[in-house]
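Chemist: First the structure, then my questions, so here it is.
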Amino acid sequence: DTTVKQNPRYKLARVGKPVNLICSQTMNHDTMYWYQKKPNQAPKLLLFYYDKILNREADTFEKFQSSRPNNSFCSLYIGSAGLEYSAMYLCASSRRDRGQDTQYFGPGTRLLVL
Amino acid sequence: GEKVEQHESTLSVREGDSAVINCTYTDTASSYFPWYKQEAGKSLHFVIDIRSNVDRKQSQRLIVLLDKKAKRFSLHITATQPEDSAIYFCAASPLASSSFSKLVFGQGTSLSVVP
């Protein structure tokens, strides 16, 4: 089973309010990623967890936080949503095993900030 | 940092013909190049990848070519079928010694296969 699940699938948030998105996988993958995708743009890596180590991209360092309470779950947290956060948020996972680096993506959470 | 450019934003081919999607990258350290397909209303789905130790890889009707000197790679879909219609994303990554690969994606190519 190569399923990555994301909840919720759709999220409506008010400007200035926090947002918490959830991702889960049962493939025992050691790395979980969060991407932001806006229409007609490339998916943009926001951060990733390798095991328990969080790595955040420099240009989005202060905008997003994440936690990984166990191997299967990973959250993406926005402390104060702005209009520019409206996007699709994609979670992915991978495992560097026998040279396999394939990232498996979840269905995404569509966030609309009003 | 790495930048990946996908040259065709849209591509239309007749069913049965071949489709070619081209990507270029900037970082000579990149050594892993996957392709993803996004069908309407769905998420990204891995289709094929190539590593820098080879210059060609084929999986059924999909062929990936890599030209390291030109920093260019391409996806060839032969004998196209209507179900090949989707947005295709190329990506590049330097494979680290640790257990993750940071992918930098292109903007996507919307492929339409017309009967």
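Following the order of the structure tokens, chains are lettered A, B, ..., residues in each are numbered from 1, and ligands are numbered from 1.
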Just want the 10 Å neighbourhood of Ala87 (chain A), counted on only C-alpha atoms, with same-chain residues fewer than 5 positions away dropped. Output as a VMD selection string.

Modeler: chain A and resid 35 to 39 108 to 113

Chemist: Only residues of chain B matter here; which ones have an atom within 12 Å of chain A, counting only C-alpha atoms? Give them as a VMD selection string.

Modeler: chain B and resid 1 3 to 6 9 to 10 31 to 51 87 to 110

Chemist: Can I get the selected residues back with C-alpha atoms, as a PDB file, in the first residue's frame?

Modeler:
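Done, and the output landed in out-v3.pdb:
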```pdb
ATOM      1  CA  GLY B   1      19.978  26.763  -5.667  1.00  0.00           C
ATOM      2  CA  LYS B   3      16.167  25.761 -10.879  1.00  0.00           C
ATOM      3  CA  VAL B   4      14.186  23.499 -13.166  1.00  0.00           C
ATOM      4  CA  GLU B   5      12.474  24.816 -16.242  1.00  0.00           C
ATOM      5  CA  GLN B   6       9.856  22.973 -18.212  1.00  0.00           C
ATOM      6  CA  SER B   9       3.445  24.646 -20.734  1.00  0.00           C
ATOM      7  CA  THR B  10       0.916  22.904 -22.993  1.00  0.00           C
ATOM      8  CA  SER B  31      21.765  13.467 -10.123  1.00  0.00           C
ATOM      9  CA  TYR B  32      18.197  12.235  -9.726  1.00  0.00           C
ATOM     10  CA  PHE B  33      15.406  13.195 -12.127  1.00  0.00           C
ATOM     11  CA  PRO B  34      11.880  11.880 -11.517  1.00  0.00           C
ATOM     12  CA  TRP B  35       8.735  12.573 -13.489  1.00  0.00           C
ATOM     13  CA  TYR B  36       5.284  12.863 -12.001  1.00  0.00           C
ATOM     14  CA  LYS B  37       1.841  12.786 -13.582  1.00  0.00           C
ATOM     15  CA  GLN B  38      -1.162  14.659 -12.255  1.00  0.00           C
ATOM     16  CA  GLU B  39      -4.510  13.657 -13.658  1.00  0.00           C
ATOM     17  CA  ALA B  40      -7.504  15.934 -13.323  1.00  0.00           C
ATOM     18  CA  GLY B  41      -8.623  16.187  -9.714  1.00  0.00           C
ATOM     19  CA  LYS B  42      -5.864  13.912  -8.453  1.00  0.00           C
ATOM     20  CA  SER B  43      -2.497  14.287  -6.796  1.00  0.00           C
ATOM     21  CA  LEU B  44       0.972  13.723  -8.211  1.00  0.00           C
ATOM     22  CA  HIS B  45       1.757  10.162  -9.184  1.00  0.00           C
ATOM     23  CA  PHE B  46       5.299   8.950  -9.844  1.00  0.00           C
ATOM     24  CA  VAL B  47       5.777   7.597 -13.377  1.00  0.00           C
ATOM     25  CA  ILE B  48       9.475   7.170 -14.079  1.00  0.00           C
ATOM     26  CA  ASP B  49      12.881   8.450 -13.014  1.00  0.00           C
ATOM     27  CA  ILE B  50      16.474   8.469 -14.211  1.00  0.00           C
ATOM     28  CA  ARG B  51      19.772   8.778 -12.388  1.00  0.00           C
ATOM     29  CA  ILE B  87      -0.119  17.495 -16.317  1.00  0.00           C
ATOM     30  CA  TYR B  88       3.439  16.169 -16.222  1.00  0.00           C
ATOM     31  CA  PHE B  89       6.012  17.558 -13.806  1.00  0.00           C
ATOM     32  CA  CYS B  90       9.736  17.044 -14.073  1.00  0.00           C
ATOM     33  CA  ALA B  91      11.990  17.419 -11.057  1.00  0.00           C
ATOM     34  CA  ALA B  92      15.659  17.375 -10.164  1.00  0.00           C
ATOM     35  CA  SER B  93      17.525  16.576  -6.984  1.00  0.00           C
ATOM     36  CA  PRO B  94      21.050  16.074  -5.747  1.00  0.00           C
ATOM     37  CA  LEU B  95      21.029  12.653  -4.121  1.00  0.00           C
ATOM     38  CA  ALA B  96      22.501  13.079  -0.691  1.00  0.00           C
ATOM     39  CA  SER B  97      24.164  10.400   1.321  1.00  0.00           C
ATOM     40  CA  SER B  98      21.360  10.648   3.823  1.00  0.00           C
ATOM     41  CA  SER B  99      17.895   9.350   3.394  1.00  0.00           C
ATOM     42  CA  PHE B 100      16.067  12.091   1.563  1.00  0.00           C
ATOM     43  CA  SER B 101      16.086  13.837  -1.779  1.00  0.00           C
ATOM     44  CA  LYS B 102      15.000  17.454  -2.048  1.00  0.00           C
ATOM     45  CA  LEU B 103      13.076  17.768  -5.271  1.00  0.00           C
ATOM     46  CA  VAL B 104      12.906  20.972  -7.275  1.00  0.00           C
ATOM     47  CA  PHE B 105       9.988  20.806  -9.687  1.00  0.00           C
ATOM     48  CA  GLY B 106       9.311  22.343 -13.058  1.00  0.00           C
ATOM     49  CA  GLN B 107       6.090  24.264 -13.644  1.00  0.00           C
ATOM     50  CA  GLY B 108       4.324  21.408 -15.370  1.00  0.00           C
ATOM     51  CA  THR B 109       3.272  20.563 -18.936  1.00  0.00           C
ATOM     52  CA  SER B 110      -0.380  19.999 -19.687  1.00  0.00           C
TER      53      SER B 110
END
```

Chemist: Determine, counting only C-alpha atoms, which protein, DNA and RNA residues have an atom within 8 Å of an atom of Arg56 (chain B); residues of the same chain fewer than 4 positions away are not included. Present the result as a list of chain:residue names.

Modeler: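 Using only C-alpha atoms, the neighbours found are B:Ile50, B:Ile63, B:Val64, B:Leu65, B:Leu66.
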
Chemist: For Tyr77 (chain A), which residue among A:Met27, A:Ala13, A:Glu57, A:Leu21 is the nearest when counting only C-alpha atoms?

Modeler: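 Smallest separation from Tyr77 (chain A) among the options: A:Leu21.
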